[in-house]
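Next up, data-v8.csv (CSV, C-alpha atoms):
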```csv
chain,number,residue,atom,x,y,z
B,1,MET,CA,0.0,0.0,0.0
B,2,VAL,CA,2.9,2.3,0.7
B,3,ALA,CA,4.1,2.0,-2.9
B,4,PHE,CA,0.7,3.3,-4.0
B,5,TYR,CA,0.9,6.3,-1.7
B,6,ILE,CA,4.1,7.1,-3.6
B,7,VAL,CA,2.2,6.7,-6.9
B,8,LEU,CA,-0.4,9.1,-5.5
B,9,LEU,CA,2.3,11.6,-4.5
B,10,PHE,CA,3.8,11.4,-8.0
B,11,PHE,CA,0.3,12.0,-9.5
B,12,LEU,CA,-0.4,15.0,-7.3
B,13,ILE,CA,3.1,16.5,-7.9
B,14,GLY,CA,2.6,16.0,-11.7
B,15,MET,CA,-0.8,17.8,-11.5
B,16,LEU,CA,0.8,20.5,-9.4
B,17,ILE,CA,3.6,21.2,-11.9
B,18,VAL,CA,1.1,21.5,-14.8
B,19,GLY,CA,-1.0,23.9,-12.7
B,20,ILE,CA,2.0,26.0,-11.7
B,21,THR,CA,3.2,26.2,-15.3
B,22,LEU,CA,-0.2,27.4,-16.4
B,23,VAL,CA,-0.3,30.0,-13.6
B,24,ILE,CA,3.2,31.3,-14.5
B,25,SER,CA,2.2,31.5,-18.1
B,26,ARG,CA,-0.9,33.4,-17.2
B,27,ILE,CA,1.2,35.9,-15.1
B,28,LEU,CA,3.9,36.4,-17.7
B,29,GLN,CA,2.0,36.4,-21.0
B,30,SER,CA,1.0,39.7,-22.7
B,31,ARG,CA,-2.7,39.7,-23.4
B,32,LYS,CA,-3.0,41.1,-26.9
B,33,SER,CA,-5.3,39.7,-29.5
B,34,TYR,CA,-4.9,39.8,-33.2
B,35,PRO,CA,-6.5,37.8,-36.0
B,36,GLU,CA,-3.6,35.4,-36.4
B,37,LYS,CA,-4.1,34.2,-32.9
B,38,TYR,CA,-7.4,32.5,-33.8
B,39,ILE,CA,-6.1,30.3,-36.5
B,40,PRO,CA,-4.8,26.8,-35.7
B,41,TYR,CA,-1.1,26.6,-35.0
B,42,GLU,CA,0.9,24.6,-37.5
B,43,CYS,CA,4.5,25.4,-36.6
B,44,GLY,CA,4.5,28.8,-38.4
B,45,GLU,CA,3.0,27.5,-41.6
B,46,LEU,CA,-0.4,28.9,-42.8
B,47,PRO,CA,-2.9,26.2,-42.0
B,48,GLN,CA,-4.7,24.4,-44.8
B,49,GLY,CA,-8.4,23.6,-44.0
B,50,GLU,CA,-9.9,23.2,-40.6
B,51,ALA,CA,-8.3,21.9,-37.4
B,52,TRP,CA,-10.9,19.1,-37.0
B,53,ILE,CA,-10.1,16.8,-39.9
B,54,GLN,CA,-11.0,13.2,-40.3
B,55,PHE,CA,-7.9,11.2,-39.3
B,56,ASN,CA,-6.4,8.5,-41.4
B,57,ASN,CA,-7.8,5.1,-40.8
B,58,ARG,CA,-4.2,3.9,-40.4
B,59,PHE,CA,-3.9,5.5,-37.0
B,60,TYR,CA,-6.7,3.2,-35.8
B,61,ILE,CA,-5.1,0.0,-37.1
B,62,ILE,CA,-1.8,0.9,-35.5
B,63,ALA,CA,-3.7,1.6,-32.2
B,64,LEU,CA,-5.3,-1.8,-32.5
B,65,ILE,CA,-2.0,-3.5,-32.9
B,66,PHE,CA,-0.6,-1.5,-30.0
B,67,LEU,CA,-3.5,-2.6,-27.8
B,68,ILE,CA,-2.7,-6.3,-28.3
B,69,PHE,CA,0.9,-5.8,-27.4
B,70,ASP,CA,-0.2,-3.7,-24.5
B,71,VAL,CA,-2.0,-6.7,-23.1
B,72,GLU,CA,1.0,-8.8,-23.8
B,73,ILE,CA,3.2,-6.5,-21.7
B,74,LEU,CA,0.5,-6.6,-19.0
B,75,PHE,CA,1.0,-10.4,-18.7
B,76,MET,CA,4.7,-9.8,-18.3
B,77,PHE,CA,4.2,-7.9,-15.1
B,78,PRO,CA,3.4,-10.8,-12.7
B,79,TRP,CA,5.8,-13.0,-14.7
B,80,ALA,CA,8.7,-10.5,-14.1
B,81,VAL,CA,7.9,-10.3,-10.3
B,82,VAL,CA,8.5,-14.1,-9.8
B,83,PHE,CA,11.1,-14.5,-12.6
B,84,ASP,CA,13.9,-15.0,-10.1
B,85,THR,CA,12.3,-18.0,-8.2
B,86,PHE,CA,11.4,-19.9,-11.3
B,87,GLY,CA,14.4,-19.3,-13.5
B,88,MET,CA,14.6,-21.3,-16.7
B,89,LEU,CA,11.0,-22.5,-16.7
B,90,ALA,CA,9.8,-18.9,-16.5
B,91,PHE,CA,12.1,-17.9,-19.3
B,92,ILE,CA,11.0,-20.7,-21.7
B,93,GLU,CA,7.3,-20.1,-20.9
B,94,MET,CA,7.5,-16.4,-21.7
B,95,LEU,CA,9.6,-17.2,-24.8
B,96,ILE,CA,6.7,-19.4,-26.1
B,97,PHE,CA,4.2,-16.7,-25.2
B,98,VAL,CA,6.1,-14.0,-27.1
B,99,VAL,CA,6.9,-16.2,-30.1
B,100,ILE,CA,3.2,-17.0,-30.6
B,101,LEU,CA,2.4,-13.3,-30.6
B,102,LEU,CA,5.3,-12.7,-32.9
B,103,VAL,CA,3.3,-14.5,-35.6
B,104,GLY,CA,0.7,-11.7,-35.3
B,105,LEU,CA,3.4,-9.1,-35.8
B,106,ALA,CA,4.8,-11.0,-38.8
B,107,TYR,CA,1.2,-11.1,-40.2
B,108,VAL,CA,0.6,-7.3,-40.0
B,109,TRP,CA,4.2,-6.6,-41.2
B,110,ALA,CA,3.8,-8.9,-44.2
B,111,LYS,CA,0.4,-7.5,-45.1
B,112,GLY,CA,1.9,-4.0,-45.0
B,113,ASP,CA,-0.2,-2.6,-42.2
B,114,LEU,CA,2.9,-1.1,-40.5
B,115,GLU,CA,3.8,1.0,-43.5
B,116,TRP,CA,2.7,4.5,-43.4
B,117,VAL,CA,1.9,4.7,-47.1
B,118,LYS,CA,0.5,1.3,-47.7
B,119,PRO,CA,2.3,-0.6,-50.4
B,120,LYS,CA,1.1,-3.6,-52.3
B,121,PRO,CA,1.2,-6.7,-49.9
B,122,LYS,CA,4.7,-8.2,-50.0
B,123,LEU,CA,3.2,-11.6,-50.2
B,124,ALA,CA,0.9,-10.8,-53.1
B,125,HIS,CA,0.3,-14.4,-54.0
B,126,LEU,CA,-1.4,-15.0,-50.5
B,127,ALA,CA,-3.8,-12.2,-51.1
B,128,LYS,CA,-4.7,-13.4,-54.5
B,129,LYS,CA,-5.5,-16.9,-53.3
B,130,LYS,CA,-8.0,-15.6,-50.8
B,131,GLY,CA,-9.4,-13.1,-53.3
B,132,ALA,CA,-8.9,-10.3,-50.8
F,1,MET,CA,-12.9,10.9,9.7
F,2,GLU,CA,-9.7,9.1,8.8
F,3,ALA,CA,-7.4,10.5,6.1
F,4,LYS,CA,-7.8,7.3,4.2
F,5,GLU,CA,-11.6,7.6,4.3
F,6,LEU,CA,-11.3,11.2,3.1
F,7,LEU,CA,-9.1,10.1,0.2
F,8,PHE,CA,-11.6,7.4,-0.7
F,9,LEU,CA,-14.4,9.8,-0.7
F,10,PHE,CA,-12.5,12.3,-2.8
F,11,ILE,CA,-11.6,9.6,-5.4
F,12,ALA,CA,-15.2,8.3,-5.4
F,13,ILE,CA,-16.6,11.8,-6.0
F,14,VAL,CA,-14.1,12.4,-8.8
F,15,THR,CA,-14.9,9.1,-10.4
F,16,ILE,CA,-18.7,9.6,-10.3
F,17,ALA,CA,-18.5,13.3,-11.4
F,18,SER,CA,-16.3,12.5,-14.4
F,19,ALA,CA,-18.6,9.5,-15.3
F,20,GLY,CA,-21.5,12.0,-15.2
F,21,LEU,CA,-19.6,14.3,-17.5
F,22,VAL,CA,-19.0,11.4,-19.9
F,23,ALA,CA,-22.8,10.8,-20.1
F,24,PHE,CA,-24.0,14.4,-20.2
F,25,SER,CA,-21.3,16.3,-22.1
F,26,ASN,CA,-22.5,17.5,-25.5
F,27,LYS,CA,-19.1,17.3,-27.1
F,28,LEU,CA,-17.8,13.9,-27.9
F,29,ILE,CA,-14.2,14.9,-27.3
F,30,HIS,CA,-15.0,16.2,-23.8
F,31,SER,CA,-16.7,12.9,-23.0
F,32,ALA,CA,-13.6,11.0,-24.2
F,33,PHE,CA,-11.3,13.1,-21.9
F,34,ALA,CA,-13.6,12.8,-18.9
F,35,LEU,CA,-13.5,9.1,-19.4
F,36,MET,CA,-9.8,9.2,-18.6
F,37,ALA,CA,-10.5,10.6,-15.2
F,38,THR,CA,-13.1,7.9,-14.7
F,39,PHE,CA,-10.6,5.2,-15.6
F,40,VAL,CA,-7.9,6.6,-13.3
F,41,GLY,CA,-10.5,6.8,-10.5
F,42,PHE,CA,-11.4,3.2,-11.0
F,43,ALA,CA,-7.7,2.2,-10.8
F,44,ALA,CA,-7.5,4.1,-7.4
F,45,LEU,CA,-10.6,2.3,-6.2
F,46,TYR,CA,-9.0,-1.1,-7.1
F,47,VAL,CA,-6.0,-0.2,-5.0
F,48,PHE,CA,-8.4,0.4,-2.1
F,49,LEU,CA,-9.7,-3.2,-2.6
F,50,SER,CA,-6.1,-4.4,-2.5
F,51,ALA,CA,-6.2,-5.5,-6.1
F,52,ASP,CA,-3.0,-4.0,-7.3
F,53,PHE,CA,-2.6,-6.0,-10.5
F,54,LEU,CA,-6.1,-5.0,-11.5
F,55,ALA,CA,-5.2,-1.3,-10.9
F,56,VAL,CA,-2.1,-1.6,-13.1
F,57,THR,CA,-4.3,-3.4,-15.7
F,58,GLN,CA,-6.8,-0.5,-15.6
F,59,ILE,CA,-4.0,2.1,-16.1
F,60,VAL,CA,-2.1,0.2,-18.8
F,61,VAL,CA,-4.9,-1.2,-20.9
F,62,TYR,CA,-7.8,1.2,-20.3
F,63,VAL,CA,-6.1,4.6,-19.9
F,64,GLY,CA,-3.1,3.7,-22.1
F,65,GLY,CA,-4.8,1.6,-24.8
F,66,ILE,CA,-8.6,1.7,-25.0
F,67,LEU,CA,-8.9,5.4,-24.4
F,68,ILE,CA,-6.4,6.1,-27.2
F,69,LEU,CA,-8.5,3.8,-29.4
F,70,ILE,CA,-11.6,5.7,-28.4
F,71,LEU,CA,-9.9,9.0,-29.1
F,72,PHE,CA,-8.8,7.9,-32.5
F,73,GLY,CA,-12.4,6.7,-33.1
F,74,VAL,CA,-13.6,10.1,-32.2
F,75,MET,CA,-11.1,11.9,-34.3
F,76,MET,CA,-11.9,9.7,-37.3
F,77,THR,CA,-15.6,10.5,-37.0
F,78,HIS,CA,-16.7,12.2,-40.2
F,79,ARG,CA,-17.8,15.8,-39.6
F,80,ILE,CA,-17.2,15.8,-35.9
F,81,TYR,CA,-19.0,19.1,-35.2
F,82,ASP,CA,-22.3,17.7,-36.6
F,83,THR,CA,-22.4,14.9,-34.1
F,84,THR,CA,-22.1,17.1,-31.0
F,85,LEU,CA,-25.8,17.3,-30.2
F,86,LYS,CA,-26.8,13.7,-30.8
F,87,THR,CA,-27.1,12.8,-27.1
F,88,ILE,CA,-29.9,15.3,-26.7
F,89,HIS,CA,-32.2,14.1,-29.3
F,90,ASN,CA,-32.9,10.7,-27.8
F,91,PRO,CA,-36.6,10.0,-27.2
F,92,LEU,CA,-37.3,11.1,-23.6
F,93,ALA,CA,-40.1,8.6,-22.7
F,94,MET,CA,-38.0,5.6,-23.8
F,95,GLY,CA,-35.0,6.9,-21.9
F,96,ILE,CA,-37.0,7.4,-18.7
F,97,ILE,CA,-38.5,3.8,-18.9
F,98,SER,CA,-35.2,2.1,-19.6
F,99,ALA,CA,-33.5,4.2,-16.9
F,100,ALA,CA,-36.2,3.3,-14.4
F,101,ALA,CA,-35.9,-0.4,-15.3
F,102,LEU,CA,-32.2,-0.3,-14.9
F,103,ALA,CA,-32.5,1.5,-11.5
F,104,VAL,CA,-34.9,-1.2,-10.3
F,105,ILE,CA,-32.6,-4.0,-11.3
F,106,LEU,CA,-29.5,-2.3,-9.8
F,107,GLY,CA,-31.5,-1.4,-6.6
F,108,LEU,CA,-32.5,-5.1,-6.2
F,109,VAL,CA,-28.9,-6.2,-6.7
F,110,ILE,CA,-27.6,-3.7,-4.2
F,111,TYR,CA,-30.4,-4.5,-1.7
F,112,ARG,CA,-30.0,-8.3,-1.9
F,113,SER,CA,-26.2,-8.6,-1.9
F,114,PRO,CA,-24.6,-9.4,1.4
F,115,TRP,CA,-22.2,-6.5,1.9
F,116,ALA,CA,-19.0,-6.8,4.0
F,117,ALA,CA,-19.0,-4.0,6.5
F,118,THR,CA,-15.4,-2.9,5.9
F,119,VAL,CA,-12.4,-4.2,4.1
F,120,ASP,CA,-9.9,-4.1,7.0
F,121,LYS,CA,-7.6,-6.8,5.7
F,122,PRO,CA,-4.0,-5.8,5.4
F,123,PHE,CA,-2.9,-4.9,1.9
F,124,VAL,CA,-1.5,-8.0,0.2
F,125,PRO,CA,0.2,-7.5,-3.2
F,126,THR,CA,-1.5,-9.9,-5.6
F,127,THR,CA,0.9,-9.5,-8.6
F,128,SER,CA,3.5,-12.0,-7.3
F,129,ILE,CA,0.7,-14.5,-6.4
F,130,ILE,CA,-0.7,-14.2,-9.9
F,131,GLY,CA,2.8,-14.7,-11.4
F,132,ALA,CA,3.5,-17.8,-9.4
F,133,GLU,CA,0.1,-19.3,-10.4
F,134,ILE,CA,0.7,-18.5,-14.0
F,135,LEU,CA,4.0,-20.4,-13.9
F,136,THR,CA,2.6,-23.5,-12.1
F,137,ASN,CA,-1.1,-24.3,-12.0
F,138,TYR,CA,-2.2,-22.2,-15.0
F,139,LEU,CA,0.6,-22.7,-17.4
F,140,LEU,CA,-1.4,-24.0,-20.3
F,141,PRO,CA,-4.2,-21.4,-20.0
F,142,PHE,CA,-1.5,-18.7,-19.9
F,143,GLU,CA,-0.1,-20.0,-23.3
F,144,LEU,CA,-3.6,-20.2,-24.7
F,145,VAL,CA,-4.1,-16.5,-23.8
F,146,SER,CA,-1.3,-15.9,-26.2
F,147,VAL,CA,-3.1,-17.8,-29.0
F,148,LEU,CA,-6.3,-15.9,-28.2
F,149,LEU,CA,-4.5,-12.6,-28.4
F,150,LEU,CA,-3.0,-13.7,-31.8
F,151,GLY,CA,-6.5,-14.5,-33.1
F,152,VAL,CA,-7.8,-11.1,-31.8
F,153,LEU,CA,-4.9,-9.2,-33.4
F,154,ILE,CA,-5.4,-10.8,-36.8
F,155,GLY,CA,-9.2,-10.6,-36.7
F,156,ALA,CA,-9.2,-6.9,-35.5
F,157,VAL,CA,-6.7,-5.8,-38.1
F,158,PHE,CA,-8.5,-7.8,-40.9
F,159,LEU,CA,-11.8,-6.1,-40.0
F,160,ALA,CA,-10.4,-2.6,-39.7
F,161,ARG,CA,-8.7,-3.1,-43.1
F,162,THR,CA,-11.6,-4.5,-45.1
F,163,GLU,CA,-13.6,-1.4,-44.0
F,164,GLU,CA,-10.9,0.7,-45.7
F,165,HIS,CA,-11.2,-1.3,-48.9
F,166,LYS,CA,-14.9,-0.5,-49.1
F,167,LYS,CA,-14.4,3.2,-49.5
```

Rewrite the structure of this file - the entire thing - as structure tokens.
Amino acid sequence: MVAFYIVLLFFLIGMLIVGITLVISRILQSRKSYPEKYIPYECGELPQGEAWIQFNNRFYIIALIFLIFDVEILFMFPWAVVFDTFGMLAFIEMLIFVVILLVGLAYVWAKGDLEWVKPKPKLAHLAKKKGA
Amino acid sequence: MEAKELLFLFIAIVTIASAGLVAFSNKLIHSAFALMATFVGFAALYVFLSADFLAVTQIVVYVGGILILILFGVMMTHRIYDTTLKTIHNPLAMGIISAAALAVILGLVIYRSPWAATVDKPFVPTTSIIGAEILTNYLLPFELVSVLLLGVLIGAVFLARTEEHKK
């Protein structure tokens, strides 16, 4: 339980630092308004279109893949805590666990889902067979 | 009142208030961000129940993963400003009836369950116990989880991709 009080302390200090930064910025900033202030900030470039755009579908697929490996990392938590007492057995078991999930990574990689601009699938003959 | 009790009350209030914000906010993006506070509050409540692994799960998977997925889903919504008022236009009568039915069911469940007066057990970290069980009694189910995750990964990516082809 003590460890979680430390987590709480970290959380509160983090919130406090954000709050203090905002207060400092409010005190120091000059409050002038001019039309350029109301356009979206794009690193000094003139923005094209609106700020609310429809995001690329690719973000979603990457997030889905991330979520699966997120759960995989979660299963490593209890495993890592008892790793010392079990030794080789623990190592081999986690190796099997990771290798099985590696197949999934190989799948999305081969299908070109990890590429930003999606190329034709590298294993084109597989796609043709299934008619996808 | 004890300091711990005060802390519990504070966390419970934050959790419920942010959950209300999720339900009643008119802007989808505000709901999504309020959901983050709800998830973090839930994690803190799990710690109070001495379920530390569940709390970590809540943070890593829900705050770190599912919330990001929801935010991407919100950001990919076509014409996001047109969808802002959708929560208001639900038929009122149907809403009241279903809410009343749900309240009755939940009330019955709350009324009938035997509640423990207080959780005064000392805090026992569950993570190492779960780890030991995974490596001894539940070795095969643990590996099967990996196969399940593999199936989920391939299935989810396949479904998300075919949607893209349809456009």

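The chain B residues that come within 7 Å of chain F are Met1, Gln54, Phe55, Asn56, Tyr60, Ile61, Ala63, Ile65, Leu67, Ile68, Asp70, Val71, Leu74, Pro78, Trp79, Val81, Val82, Ala90, Phe97, Ile100, Leu101 and Gly104 of chain B, with only C-alpha atoms taken into account.
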
Output C-alpha atoms for every residue in that selection, as a CSV table (one decimal), in the coordinates of the input.
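Produced file result_3.csv, reproduced below:
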```csv
chain,number,residue,atom,x,y,z
B,1,MET,CA,0.0,0.0,0.0
B,54,GLN,CA,-11.0,13.2,-40.3
B,55,PHE,CA,-7.9,11.2,-39.3
B,56,ASN,CA,-6.4,8.5,-41.4
B,60,TYR,CA,-6.7,3.2,-35.8
B,61,ILE,CA,-5.1,0.0,-37.1
B,63,ALA,CA,-3.7,1.6,-32.2
B,65,ILE,CA,-2.0,-3.5,-32.9
B,67,LEU,CA,-3.5,-2.6,-27.8
B,68,ILE,CA,-2.7,-6.3,-28.3
B,70,ASP,CA,-0.2,-3.7,-24.5
B,71,VAL,CA,-2.0,-6.7,-23.1
B,74,LEU,CA,0.5,-6.6,-19.0
B,78,PRO,CA,3.4,-10.8,-12.7
B,79,TRP,CA,5.8,-13.0,-14.7
B,81,VAL,CA,7.9,-10.3,-10.3
B,82,VAL,CA,8.5,-14.1,-9.8
B,90,ALA,CA,9.8,-18.9,-16.5
B,97,PHE,CA,4.2,-16.7,-25.2
B,100,ILE,CA,3.2,-17.0,-30.6
B,101,LEU,CA,2.4,-13.3,-30.6
B,104,GLY,CA,0.7,-11.7,-35.3
```

Legend entry - Radius query 9 Å about (-0.9, -4.6, -42.1), atoms used: all atoms listed in the file, as a list in words: Ile61, Ile62, Leu105, Tyr107, Val108, Trp109, Ala110, Lys111, Gly112, Asp113, Leu114, Glu115, Lys118 and Pro121 of chain B; Val157, Phe158 and Arg161 of chain F

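The two atoms in question, atom CA of His30 of chain F and atom CA of Ser18 of chain F, are spaced 10.2 Å apart.
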
Inset, instruction - Can you work out the spacing between atom CA of Arg26 of chain B and atom CA of Lys27 of chain F in Å, to one decimal? - result: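 Spanning atom CA of Arg26 of chain B to atom CA of Lys27 of chain F is a straight-line distance of 26.2 Å.
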
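Distances from F:Asn26, F:Met94, F:Tyr138, F:Ile11 to Tyr46 of chain F were compared using all atoms listed in the file, and the smallest one belongs to F:Ile11.
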
Legend entry - Two-atom distance - atom CA of Phe66 of chain B, atom CA of Ala106 of chain B (Å): 14.0 Å

Legend entry - Non-local contacts of Thr15 of chain F (7 Å; only C-alpha atoms; under 4 positions in same chain excluded) as a list in words: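 Once the adjacent positions are removed, what remains is Ile11, Ala19, Ala37, Thr38, Gly41 and Phe42 of chain F.
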